[in-house]
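Worksheet: one structure, shown below.
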Amino acid sequence: MLADEVSLLSWFLGTVGAFFLGVSKSGIKGIAVFIVVLFVYAFGARTSTGILMPLLIIGDFFAIVYYNKHANWTYVLRIIPWMLLGVVLATYGGAYFEEATFTLSMATLILISTALMGYWELRPLKKVPTHWTFAGSLGMLAGFTTMIGNLAGAVVNIYFLALRLPKNIFIGTTAYVFFLVNLFKVPFHVWVWETIQWESLQISIYFIPIECLGLFLGARWVKHIRDTNYRKLILILTAIGSLALFFR
């Protein structure tokens, strides 16, 4: 898709999505689903994944710089290998999906993730899960969903909500997780799926200033959110976004 072929409506939806992407990467989690929905409406399920990738990496880089001292590398290293495995599985499985199946898979995975998040919030785990199967299963699911449609946010949120991390550690740790995984995904998008090309990069570049505005404002807003309300905000925003995708 060439930049001059993009409709005004698509530019508008992409602009709104880029702004909220910046807000999300600054620490206000849970709106990633809403962002993906906007880009899917604007550019299609598969094409939008390539357009989003450079924007995601820019947001991730901001987050690891801004929240660097809050990252917990124990949790990063526990889930990263499984996510990378999930990315590889999705790369060679997801490439054969039809557009409708691709979108339906995205919506279904988000809905399941949101339901699990809500269940664990209402019935908190008495013991923080430490067994490797917990990180392994959610890590592979997160890796698969992030490659299918940049939707790992909901699944990774489940993992770190279950660990009951404080707000800033939650943000700093997830920032490194997504930065490393998104860098790992780039070669697959370029040479396997071919969703990142010069044409898609031209479209992505238009959205960078809007994303930066979202990063700046989001970093200011997140400071005013209390830890006790942060978890509830993640759940509410993720649920709204997951429902929106079904009405595409």
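If you're wondering about the labels, chains in the structure tokens are A, B, ... by order shown, residues count from 1 in each chain, ligands from 1 in order shown.
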
Closest atom pairs, residues of stretch 155-209 of chain A within 8 Å of stretch 55-74 of chain A, only C-alpha atoms, as a tab-separated table:
```
residue	atom	partner	partner_atom	distance
A:Asn168	CA	A:His70	CA	6.0
A:Ile169	CA	A:His70	CA	4.8
A:Phe170	CA	A:Ala71	CA	7.7
A:Ile171	CA	A:Tyr67	CA	7.1
A:Gly172	CA	A:Ala71	CA	4.3
A:Thr173	CA	A:Ala71	CA	4.2
A:Thr174	CA	A:Ala71	CA	7.9
A:Ala175	CA	A:Ile64	CA	5.5
A:Tyr176	CA	A:Ile64	CA	6.0
A:Phe178	CA	A:Asp60	CA	6.6
A:Phe179	CA	A:Asp60	CA	5.0
A:Asn182	CA	A:Ile57	CA	6.4
A:Leu183	CA	A:Ile57	CA	7.2
A:Ser204	CA	A:Leu55	CA	6.8
A:Phe207	CA	A:Leu55	CA	7.8
A:Ile208	CA	A:Leu55	CA	6.7
```

Produce a file of the selected residues containing N, CA and C atoms, as a short mmCIF file (atom, residue, chain, number, x, y, z; two decimals), in the first residue's frame.
```
data_model
loop_
_atom_site.label_atom_id
_atom_site.label_comp_id
_atom_site.auth_asym_id
_atom_site.auth_seq_id
_atom_site.Cartn_x
_atom_site.Cartn_y
_atom_site.Cartn_z
N ASN A 168 5.21 0.87 38.69
CA ASN A 168 6.42 1.24 37.95
C ASN A 168 7.26 0.03 37.55
N ILE A 169 7.32 -0.99 38.41
CA ILE A 169 8.04 -2.21 38.05
C ILE A 169 7.32 -2.93 36.92
N PHE A 170 5.99 -2.93 36.99
CA PHE A 170 5.17 -3.51 35.92
C PHE A 170 5.52 -2.85 34.58
N ILE A 171 5.53 -1.53 34.56
CA ILE A 171 5.79 -0.79 33.31
C ILE A 171 7.22 -1.00 32.83
N GLY A 172 8.19 -0.88 33.73
CA GLY A 172 9.59 -1.02 33.34
C GLY A 172 9.94 -2.41 32.84
N THR A 173 9.39 -3.42 33.48
CA THR A 173 9.68 -4.80 33.08
C THR A 173 9.05 -5.13 31.74
N THR A 174 7.78 -4.76 31.56
CA THR A 174 7.12 -5.04 30.28
C THR A 174 7.76 -4.26 29.14
N ALA A 175 8.31 -3.10 29.45
CA ALA A 175 8.97 -2.30 28.41
C ALA A 175 10.13 -3.08 27.79
N TYR A 176 10.96 -3.69 28.63
CA TYR A 176 12.08 -4.48 28.10
C TYR A 176 11.60 -5.73 27.37
N PHE A 178 8.83 -6.18 25.63
CA PHE A 178 8.33 -5.86 24.30
C PHE A 178 9.42 -5.31 23.38
N PHE A 179 10.36 -4.58 23.94
CA PHE A 179 11.45 -4.06 23.10
C PHE A 179 12.25 -5.20 22.49
N ASN A 182 9.96 -7.30 20.00
CA ASN A 182 9.66 -6.58 18.76
C ASN A 182 10.88 -6.50 17.84
N LEU A 183 12.07 -6.34 18.40
CA LEU A 183 13.28 -6.36 17.58
C LEU A 183 13.45 -7.74 16.93
N SER A 204 4.44 4.64 8.12
CA SER A 204 4.79 4.68 9.54
C SER A 204 5.41 6.01 9.94
N PHE A 207 3.34 8.91 11.19
CA PHE A 207 2.70 8.80 12.50
C PHE A 207 3.66 9.03 13.67
N ILE A 208 4.96 9.10 13.41
CA ILE A 208 5.94 9.21 14.49
C ILE A 208 5.74 10.48 15.34
#
```

List as a Markdown table every residue of stretch 129-224 of chain A that is in contact with stretch 78-84 of chain A, defined as an atom at most 8 Å from one of its atoms (using only C-alpha atoms), together with the nearest atom pair and the distance in Å rounded to one decimal, sorted by chain and then rising number.
```
| residue | atom | partner | partner_atom | distance |
| --- | --- | --- | --- | --- |
| A:Trp132 | CA | A:Arg78 | CA | 7.9 |
| A:Ala135 | CA | A:Ile79 | CA | 5.4 |
| A:Gly136 | CA | A:Trp82 | CA | 5.4 |
| A:Ser137 | CA | A:Trp82 | CA | 7.7 |
| A:Gly139 | CA | A:Met83 | CA | 4.5 |
| A:Met140 | CA | A:Met83 | CA | 4.8 |
| A:Leu141 | CA | A:Met83 | CA | 7.3 |
| A:Ala142 | CA | A:Met83 | CA | 5.9 |
| A:Gly143 | CA | A:Met83 | CA | 4.0 |
| A:Phe144 | CA | A:Met83 | CA | 7.4 |
| A:Val177 | CA | A:Ile80 | CA | 6.5 |
| A:Val181 | CA | A:Leu84 | CA | 6.6 |
| A:Phe184 | CA | A:Leu84 | CA | 7.5 |
```

Item to check | In stretch 25-218 of chain A, DSSP alpha helix (DSSP H) residues written as a ChimeraX atom specification | outcome: /A:25,32-43,45-66,73-94,99-122,132-149,152-162,167-187,198-218

Checklist entry - Nearest to A:Leu13: which of A:Ile205, A:Ala239, A:Tyr119, A:Tyr41 is it, counting only C-alpha atoms? => result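 For A:Leu13, the nearest of the given residues is A:Tyr41.
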